[in-house]
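Q: For reference, the file upload12.csv (CSV, C-alpha atoms) is included below:
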chain,number,residue,atom,x,y,z
A,12,MET,CA,0.0,0.0,0.0
A,13,PRO,CA,1.3,3.5,-0.8
A,14,ALA,CA,2.4,5.7,2.1
A,15,LEU,CA,0.1,8.2,3.7
A,16,GLN,CA,2.4,11.0,2.7
A,17,ASP,CA,1.7,10.3,-1.0
A,18,PHE,CA,-1.9,11.6,-0.4
A,19,ALA,CA,-1.2,14.4,2.0
A,20,SER,CA,-1.7,16.9,-0.8
A,21,VAL,CA,-5.4,16.0,-1.0
A,22,LEU,CA,-5.9,17.2,2.6
A,23,ALA,CA,-3.4,20.1,2.2
A,24,ASP,CA,-5.4,21.4,-0.8
A,25,GLN,CA,-8.4,21.8,1.5
A,26,ILE,CA,-7.0,23.1,4.7
A,27,GLY,CA,-3.4,24.2,3.9
A,28,LYS,CA,-0.2,22.3,4.4
A,29,GLU,CA,0.5,23.5,7.9
A,30,HIS,CA,-2.9,22.4,9.2
A,31,ALA,CA,-2.9,19.1,7.2
A,32,ALA,CA,0.3,18.2,9.0
A,33,MET,CA,-1.6,18.2,12.3
A,34,PHE,CA,-3.9,15.5,11.0
A,35,LEU,CA,-1.4,13.2,9.3
A,36,ASP,CA,-0.3,11.5,12.6
A,37,HIS,CA,-3.9,10.7,13.4
A,38,VAL,CA,-5.2,9.3,10.1
A,39,SER,CA,-4.8,5.9,8.4
A,40,LEU,CA,-5.2,4.7,4.8
A,41,GLN,CA,-8.0,2.3,3.9
A,42,GLU,CA,-8.8,0.6,0.7
A,43,LEU,CA,-12.1,-0.8,-0.5
A,44,PRO,CA,-12.8,-2.9,-3.6
A,45,ARG,CA,-15.6,-2.0,-6.0
A,46,GLY,CA,-19.0,-3.1,-4.6
A,47,GLU,CA,-18.0,-3.2,-1.0
A,48,VAL,CA,-20.1,-1.2,1.6
A,49,LEU,CA,-18.2,1.3,3.7
A,50,LEU,CA,-21.1,2.5,5.8
A,51,ARG,CA,-24.6,1.1,6.1
A,52,ASP,CA,-27.6,3.4,6.5
A,53,GLN,CA,-28.6,3.7,10.2
A,54,ALA,CA,-25.6,1.7,11.4
A,55,SER,CA,-23.1,3.1,13.8
A,56,VAL,CA,-20.1,4.9,12.5
A,57,SER,CA,-16.9,6.0,14.3
A,58,ALA,CA,-14.8,7.9,11.8
A,59,LEU,CA,-14.7,10.6,9.1
A,60,TYR,CA,-13.4,9.4,5.8
A,61,LEU,CA,-11.7,11.5,3.1
A,62,LEU,CA,-12.2,9.9,-0.3
A,63,ILE,CA,-8.8,10.2,-2.0
A,64,GLU,CA,-9.2,8.0,-5.0
A,65,GLY,CA,-12.3,6.5,-6.7
A,66,ARG,CA,-16.0,7.1,-6.4
A,67,VAL,CA,-18.7,6.0,-3.9
A,68,GLY,CA,-22.5,5.9,-4.3
A,69,LEU,CA,-24.9,7.1,-1.5
A,70,SER,CA,-28.3,5.7,-0.8
A,71,VAL,CA,-30.9,5.6,2.0
A,72,GLU,CA,-32.5,2.2,2.7
A,73,VAL,CA,-35.7,0.9,4.3
A,74,ALA,CA,-36.4,-2.9,4.6
A,75,GLY,CA,-34.4,-3.9,1.6
A,76,HIS,CA,-35.5,-1.0,-0.6
A,77,ALA,CA,-33.2,1.9,-1.5
A,78,ILE,CA,-33.2,5.4,-3.0
A,79,HIS,CA,-30.0,6.2,-4.7
A,80,LEU,CA,-29.0,9.7,-3.8
A,81,GLY,CA,-26.0,10.2,-6.0
A,82,THR,CA,-22.2,9.7,-6.1
A,83,MET,CA,-19.2,11.4,-4.6
A,84,ASP,CA,-15.8,11.7,-6.1
A,85,ALA,CA,-12.3,12.1,-4.6
A,86,GLY,CA,-11.9,15.1,-2.4
A,87,ASN,CA,-15.2,14.6,-0.6
A,88,TRP,CA,-15.7,13.6,3.1
A,89,ILE,CA,-18.0,10.9,4.4
A,90,GLY,CA,-19.3,10.6,8.0
A,91,GLU,CA,-19.6,14.3,8.8
A,92,VAL,CA,-23.4,14.1,9.4
A,93,ALA,CA,-22.9,11.3,11.9
A,94,TYR,CA,-20.2,13.3,13.7
A,95,PHE,CA,-21.8,16.8,13.8
A,96,SER,CA,-25.3,15.6,14.5
A,97,GLY,CA,-23.9,13.8,17.5
A,98,SER,CA,-25.7,10.6,16.6
A,99,HIS,CA,-22.7,8.7,15.4
A,100,ILE,CA,-25.2,6.9,13.1
A,101,SER,CA,-24.7,6.8,9.4
A,102,CYS,CA,-27.5,8.6,7.5
A,103,SER,CA,-26.9,6.7,4.2
A,104,THR,CA,-25.3,3.6,2.8
A,105,VAL,CA,-22.0,4.3,1.2
A,106,THR,CA,-20.9,1.8,-1.4
A,107,ALA,CA,-17.7,1.8,-3.5
A,108,GLU,CA,-18.6,2.2,-7.1
A,109,THR,CA,-15.0,1.8,-8.1
A,110,ASP,CA,-12.0,0.6,-6.2
A,111,VAL,CA,-11.5,3.4,-3.6
A,112,ARG,CA,-8.8,4.6,-1.3
A,113,LEU,CA,-9.8,6.6,1.8
A,114,MET,CA,-8.1,8.5,4.6
A,115,ARG,CA,-9.7,7.5,7.9
A,116,LEU,CA,-9.9,9.9,10.9
A,117,GLY,CA,-11.6,8.5,14.0
A,118,PHE,CA,-14.2,10.7,15.7
A,119,ALA,CA,-12.2,10.5,18.9
A,120,GLU,CA,-9.0,11.6,17.1
A,121,PHE,CA,-10.8,14.5,15.5
A,122,GLY,CA,-12.1,15.6,18.9
A,123,ALA,CA,-8.6,15.4,20.4
A,124,ILE,CA,-7.2,17.5,17.5
A,125,ALA,CA,-10.1,20.0,18.1
A,126,ARG,CA,-9.0,20.4,21.7
A,127,ALA,CA,-5.2,20.4,21.0
A,128,THR,CA,-5.0,22.5,17.8
A,129,PRO,CA,-8.4,24.2,17.4
A,130,GLU,CA,-7.4,26.2,14.4
A,131,ALA,CA,-6.6,23.1,12.3
A,132,ALA,CA,-9.8,21.4,13.3
A,133,CYS,CA,-11.8,24.5,12.6
A,134,ARG,CA,-10.4,24.8,9.1
A,135,LEU,CA,-11.5,21.2,8.4
A,136,THR,CA,-14.9,21.9,10.0
A,137,HIS,CA,-15.3,24.9,7.7
A,138,VAL,CA,-14.6,22.6,4.7
A,139,LEU,CA,-17.2,20.2,6.1
A,140,VAL,CA,-19.7,23.0,6.6
A,141,THR,CA,-19.3,24.0,3.0
A,142,MET,CA,-19.8,20.4,1.8
A,143,LEU,CA,-22.9,20.1,4.0
A,144,ILE,CA,-24.4,23.2,2.5
A,145,HIS,CA,-23.7,21.9,-1.0
A,146,ARG,CA,-25.2,18.5,-0.1
A,147,LEU,CA,-28.4,20.2,1.3
A,148,ARG,CA,-28.7,22.2,-1.9
A,149,ALA,CA,-28.2,19.1,-4.0
A,150,THR,CA,-31.0,17.4,-2.1
A,151,VAL,CA,-33.5,20.2,-2.8
A,152,HIS,CA,-35.1,18.2,-5.6
A,153,ASN,CA,-35.4,15.0,-3.6
A,154,PRO,CA,-39.1,14.0,-3.3
A,155,VAL,CA,-40.6,14.2,0.2
A,156,VAL,CA,-43.8,13.3,2.0
A,157,ASP,CA,-45.3,16.3,3.8
A,158,ALA,CA,-47.0,16.3,7.2
A,159,ASP,CA,-50.3,15.3,5.5
A,160,GLY,CA,-48.7,12.3,3.8
A,161,GLN,CA,-48.7,14.0,0.4
A,162,LEU,CA,-45.9,13.1,-1.9
A,163,PHE,CA,-44.3,15.9,-3.8
A,164,MET,CA,-40.9,17.3,-5.0
A,165,LEU,CA,-39.5,20.7,-4.2
A,166,GLY,CA,-38.9,22.7,-7.3
A,167,ASN,CA,-39.4,21.8,-10.9
A,168,LEU,CA,-40.8,18.3,-11.6
A,169,SER,CA,-40.2,18.6,-15.4
A,170,LEU,CA,-38.4,15.7,-17.0
A,171,PRO,CA,-36.7,16.0,-20.4
A,172,SER,CA,-39.0,14.6,-23.1
A,173,PRO,CA,-36.8,11.5,-23.8
A,174,ALA,CA,-37.1,10.6,-20.1
A,175,ARG,CA,-40.9,11.2,-20.2
A,176,ALA,CA,-41.3,8.8,-23.1
A,177,ALA,CA,-39.7,6.0,-21.0
A,178,HIS,CA,-42.3,6.2,-18.2
A,179,GLU,CA,-45.5,4.7,-19.4
A,180,ARG,CA,-46.0,1.8,-17.0
A,181,GLY,CA,-47.9,3.5,-14.2
A,182,VAL,CA,-47.3,5.7,-11.2
A,183,ILE,CA,-45.2,3.2,-9.0
A,184,ASP,CA,-42.9,2.3,-11.9
A,185,PHE,CA,-42.6,6.0,-12.7
A,186,PHE,CA,-41.4,6.8,-9.1
A,187,ARG,CA,-39.2,3.7,-8.9
A,188,LYS,CA,-37.4,4.8,-12.0
A,189,LEU,CA,-37.3,8.4,-11.0
A,190,LEU,CA,-35.8,7.6,-7.6
A,191,GLY,CA,-33.6,4.8,-8.7
A,192,THR,CA,-35.3,2.5,-6.3
A,193,HIS,CA,-35.3,-1.3,-6.6
B,27,MET,CA,-32.3,31.0,31.4
B,28,LEU,CA,-30.2,33.7,29.9
B,29,LEU,CA,-29.8,33.7,26.1
B,30,LYS,CA,-26.0,33.3,26.3
B,31,ASN,CA,-26.4,30.3,28.6
B,32,PHE,CA,-29.1,28.8,26.2
B,33,VAL,CA,-26.7,29.3,23.3
B,34,ARG,CA,-24.0,27.4,25.2
B,35,THR,CA,-26.4,24.4,25.6
B,36,LEU,CA,-26.9,24.0,21.8
B,37,PRO,CA,-25.4,21.1,19.9
B,38,GLY,CA,-22.0,22.1,18.6
B,39,ALA,CA,-21.5,24.8,21.3
B,40,GLU,CA,-19.1,22.9,23.4
B,41,TYR,CA,-16.1,24.9,22.1
B,42,LEU,CA,-17.8,28.3,22.6
B,43,SER,CA,-16.4,30.2,25.6
B,44,GLU,CA,-18.7,32.3,27.8
B,45,GLU,CA,-17.2,35.4,26.1
B,46,ASP,CA,-17.9,34.0,22.6
B,47,ALA,CA,-21.5,33.4,23.6
B,48,GLU,CA,-21.8,37.0,25.0
B,49,HIS,CA,-20.5,38.4,21.7
B,50,ILE,CA,-22.8,36.4,19.6
B,51,VAL,CA,-25.8,37.2,21.8
B,52,ALA,CA,-24.9,40.9,21.8
B,53,ALA,CA,-25.3,41.0,18.1
B,54,MET,CA,-28.7,39.3,18.2
B,55,ARG,CA,-32.2,40.9,18.4
B,56,VAL,CA,-34.8,39.0,20.4
B,57,GLU,CA,-38.5,39.4,19.7
B,58,ASP,CA,-41.8,37.7,20.2
B,59,TYR,CA,-43.7,37.1,17.0
B,60,GLU,CA,-47.4,36.7,16.2
B,61,ASP,CA,-48.4,33.4,14.7
B,62,GLY,CA,-48.1,33.7,10.9
B,63,HIS,CA,-45.1,36.1,10.9
B,64,ILE,CA,-42.9,35.2,7.9
B,65,PHE,CA,-39.2,35.0,8.8
B,66,VAL,CA,-37.9,33.5,5.6
B,67,CYS,CA,-39.9,33.7,2.4
B,68,GLN,CA,-39.7,31.0,-0.3
B,69,ASP,CA,-37.8,32.1,-3.4
B,70,LYS,CA,-36.3,35.1,-1.6
B,71,LEU,CA,-32.9,35.6,0.0
B,72,ALA,CA,-32.7,35.2,3.8
B,73,LYS,CA,-31.5,38.3,5.5
B,74,GLU,CA,-30.8,37.1,9.0
B,75,LEU,CA,-29.8,34.0,10.8
B,76,HIS,CA,-32.6,33.0,13.2
B,77,LEU,CA,-32.5,31.0,16.4
B,78,LEU,CA,-35.8,29.7,17.7
B,79,LEU,CA,-36.0,30.2,21.5
B,80,LYS,CA,-39.7,29.4,22.2
B,81,GLY,CA,-42.8,28.2,20.4
B,82,ALA,CA,-42.4,26.7,17.0
B,83,VAL,CA,-41.6,27.6,13.4
B,84,LYS,CA,-43.3,25.9,10.4
B,85,VAL,CA,-41.2,25.2,7.4
B,86,SER,CA,-43.4,25.1,4.3
B,87,HIS,CA,-43.2,25.0,0.6
B,88,TYR,CA,-45.6,26.1,-2.2
B,89,GLY,CA,-45.5,23.3,-4.7
B,90,PRO,CA,-46.1,23.6,-8.4
B,91,THR,CA,-49.8,22.9,-8.0
B,92,GLY,CA,-50.2,25.9,-5.6
B,93,ARG,CA,-50.6,23.6,-2.6
B,94,ASN,CA,-48.8,24.6,0.6
B,95,HIS,CA,-46.9,21.6,2.0
B,96,THR,CA,-45.6,21.6,5.6
B,97,LEU,CA,-42.2,20.1,5.6
B,98,ARG,CA,-41.2,20.3,9.2
B,99,ILE,CA,-41.9,22.0,12.5
B,100,LEU,CA,-38.8,23.5,14.0
B,101,GLU,CA,-38.1,23.2,17.8
B,102,PRO,CA,-36.4,25.6,20.2
B,103,GLY,CA,-32.7,25.4,19.6
B,104,ASP,CA,-33.0,25.2,15.8
B,105,PHE,CA,-31.3,27.7,13.6
B,106,PHE,CA,-33.0,28.6,10.4
B,107,GLY,CA,-32.3,30.7,7.3
B,108,LEU,CA,-28.8,29.3,7.3
B,109,LEU,CA,-28.7,27.8,3.8
B,110,SER,CA,-29.8,30.9,1.9
B,111,LEU,CA,-27.6,33.1,4.0
B,112,SER,CA,-24.5,31.0,3.5
B,113,ASP,CA,-24.7,30.3,-0.3
B,114,GLY,CA,-26.5,33.5,-1.3
B,115,LYS,CA,-29.3,31.7,-3.1
B,116,PRO,CA,-33.0,32.1,-2.6
B,117,ALA,CA,-34.7,30.0,0.1
B,118,VAL,CA,-36.5,26.9,-1.1
B,119,ALA,CA,-39.1,27.1,1.7
B,120,SER,CA,-40.8,29.6,4.0
B,121,CYS,CA,-40.4,29.8,7.7
B,122,VAL,CA,-43.4,31.0,9.6
B,123,ALA,CA,-44.0,31.7,13.3
B,124,GLU,CA,-46.3,29.3,15.3
B,125,LYS,CA,-47.3,28.9,18.9
B,126,GLY,CA,-46.1,32.3,20.0
B,127,ALA,CA,-42.5,32.1,18.7
B,128,ARG,CA,-39.7,33.9,20.4
B,129,VAL,CA,-36.7,34.2,18.0
B,130,ALA,CA,-33.2,35.6,18.3
B,131,SER,CA,-32.0,37.0,15.0
B,132,LEU,CA,-28.4,37.7,13.9
B,133,PRO,CA,-28.0,40.3,11.1
B,134,PHE,CA,-26.3,39.2,7.8
B,135,SER,CA,-23.2,41.3,8.4
B,136,ALA,CA,-22.6,39.7,11.8
B,137,TYR,CA,-23.3,36.2,10.4
B,138,MET,CA,-20.8,36.6,7.6
B,139,LEU,CA,-18.1,37.6,10.1
B,140,LEU,CA,-18.8,34.4,12.1
B,141,TYR,CA,-19.2,32.2,9.0
B,142,GLN,CA,-15.6,32.8,8.0
B,143,PRO,CA,-13.2,30.7,10.2
B,144,HIS,CA,-10.4,33.3,10.3
B,145,SER,CA,-11.1,34.7,13.7
B,146,ASP,CA,-11.1,32.7,17.0
B,147,ILE,CA,-14.8,33.2,17.5
B,148,GLY,CA,-15.6,32.4,13.9
B,149,CYS,CA,-13.5,29.2,14.3
B,150,ARG,CA,-15.6,28.0,17.2
B,151,PHE,CA,-18.8,29.1,15.6
B,152,GLN,CA,-18.2,26.7,12.8
B,153,TYR,CA,-19.2,23.8,15.1
B,154,LEU,CA,-22.6,25.3,15.7
B,155,LEU,CA,-23.2,25.7,12.0
B,156,ALA,CA,-22.0,22.2,11.3
B,157,ALA,CA,-24.3,20.7,14.0
B,158,GLN,CA,-27.4,22.5,12.5
B,159,LEU,CA,-26.6,21.5,8.9
B,160,ALA,CA,-25.9,17.9,9.9
B,161,ARG,CA,-29.3,17.8,11.7
B,162,ASP,CA,-31.0,19.3,8.7
B,163,LEU,CA,-29.4,16.7,6.3
B,164,ARG,CA,-30.2,13.8,8.7
B,165,TYR,CA,-33.8,15.0,8.8
B,166,ARG,CA,-33.9,15.2,5.0
B,167,HIS,CA,-32.7,11.6,4.7
B,168,ALA,CA,-35.3,10.5,7.3
B,169,MET,CA,-38.0,12.0,5.1
B,170,LEU,CA,-36.6,10.0,2.2
B,171,ARG,CA,-36.9,6.8,4.3
B,172,ASN,CA,-40.4,7.8,5.1
B,173,LEU,CA,-41.1,8.1,1.4
B,174,LEU,CA,-39.7,4.6,0.8
B,175,SER,CA,-41.8,3.2,3.6
B,176,CYS,CA,-44.9,4.9,2.2
B,177,LEU,CA,-44.2,3.5,-1.3
B,178,TYR,CA,-43.6,0.0,-0.2
B,179,THR,CA,-45.7,-0.5,2.9
B,180,GLY,CA,-48.2,2.3,2.7
B,181,GLN,CA,-47.2,3.5,6.1
B,182,PRO,CA,-44.7,6.3,7.0
B,183,LEU,CA,-42.1,5.6,9.7
B,184,SER,CA,-42.4,7.3,13.0
B,185,ALA,CA,-41.7,11.0,12.9
B,186,PRO,CA,-38.0,11.7,12.4
B,187,SER,CA,-36.2,13.1,15.4
B,188,CYS,CA,-35.0,16.7,15.1
B,189,GLY,CA,-32.0,15.9,17.2
B,190,MET,CA,-32.8,18.6,19.8
B,191,GLU,CA,-33.3,16.2,22.7
B,192,GLY,CA,-31.7,17.6,25.8
B,193,VAL,CA,-31.8,21.3,24.8
B,194,PRO,CA,-33.4,23.0,27.8
B,195,GLN,CA,-36.3,25.4,27.6
B,196,ILE,CA,-35.5,29.1,27.8
B,197,SER,CA,-37.4,31.0,30.5
B,198,ASP,CA,-39.6,34.1,30.0
B,199,ASP,CA,-37.0,36.3,31.7
Could you write out this file's structure as structure tokens?

A:
Amino acid sequence: MPALQDFASVLADQIGKEHAAMFLDHVSLQELPRGEVLLRDQASVSALYLLIEGRVGLSVEVAGHAIHLGTMDAGNWIGEVAYFSGSHISCSTVTAETDVRLMRLGFAEFGAIARATPEAACRLTHVLVTMLIHRLRATVHNPVVDADGQLFMLGNLSLPSPARAAHERGVIDFFRKLLGTH
Amino acid sequence: MLLKNFVRTLPGAEYLSEEDAEHIVAAMRVEDYEDGHIFVCQDKLAKELHLLLKGAVKVSHYGPTGRNHTLRILEPGDFFGLLSLSDGKPAVASCVAEKGARVASLPFSAYMLLYQPHSDIGCRFQYLLAAQLARDLRYRHAMLRNLLSCLYTGQPLSAPSCGMEGVPQISDD
């Protein structure tokens, strides 16, 4: 396995070389082959992961059914919702869509860095805040069920005409296709 | 309970010092609002960061059919208006006072100073922001699970937690 230092620049690009150095003693490299699950929706999680190579898919699951939320590429973090919500519970299933390489930072280690070198931890937290904002914006068009049990989507429901032509098998099939459910 | 003490009980506030909380609170305006008061209007830019102290705030959205959908009821300790304020894009939902809401509001200029992590107080404020955004995203995913459950079982799951358990009530003083 390559050395951690080979990937230090991924972290340094986000928070600066000086601050990245504070983290390198506390992180480890992890590899995951394509198709493997890193985190399972609603299961406990104990670390933040920086995706340094490859791509992962995100989904939420209920009783064997799933909604595919999208993918994340190298440079993105995983596990921040579990950490900052204080739940330490994963809010989605994260699956390797290619072979992936990750930098793992335990929640306990992150907490220790926040106490010992607050500036470094806060720079990383600001990066994670920016990513959370982006992810919330990206989910604006997710469908939701309102307080009265009505299904709807925020924003524009329009589908391009080729996609419309593919949905002629009834409402449930339409939504399954639309949501990427299986 | 004093507002500065209330702020220090919020999720993500563990790194805020008493002095930090005093500075944040000093920049906030606290008011009681009639039910129906609109804090954040859908499709318009948020102008302040709001912190709900008492009562409730209904988050709702006018859909393409003209129907008003209630997305969520915020609880004391929830910040709102954060997304539009941070990324400078119009809000996707309206936030409306309910149950005699008391709200502390932080002006945009003060928020932007805290949003940047270059000062000590801004640095520690990041954790409050991160905690709120994480709760919002967790809630969004819980709603998606509800949708799945409705689609396949016809029954929604139990109401998703807002993650505000343990935040004490603020007093009338």

Q: Find the spatial neighbours of Leu155 (chain B), counting all atoms listed in the file, within a cut-off of 8 Å - ignore same-chain residues fewer than 3 positions away - and output them as a ChimeraX atom specification.

A: /A:140 /B:38,151-152,158-159

Q: Please provide the set of residues having any atom within 10 Å of Ser135 (chain B), restricted to all atoms listed in the file, with same-chain residues fewer than 4 positions apart removed, written as a PyMOL selection string.

A: chain B and resi 53+73-74+139-141

Q: Kindly provide, as a PyMOL selection string, the residues of chain B having any atom no farther than 7 Å from an atom of chain A, counting all atoms listed in the file.

A: chain B and resi 89+95-97+109+143+149-150+152-153+155-157+159-161+163-164+167+169-171+173-175

Q: Would you list the residues near (-44.8, 36.6, 16.1), meaning any protein, DNA or RNA residue with an atom at most 10 Å from that point in file coordinates, counting only C-alpha atoms, as a ChimeraX atom specification?

A: /B:57-65,81,83,122-129

Q: Which residues come within 8 Å of Ile89 (chain A), counting only C-alpha atoms, excluding same-chain residues fewer than 3 positions away, as a PyMOL selection string?

A: chain A and resi 59-62

Q: With all atoms listed in the file as the counted atoms, please give the residues lying no more than 12 Å from region 27-44 of chain A, apart from itself and same-chain residues fewer than 6 positions off, as an MDAnalysis selection string.

A: chainID A and resid 12:21 50 58:67 105:125 127:135 138
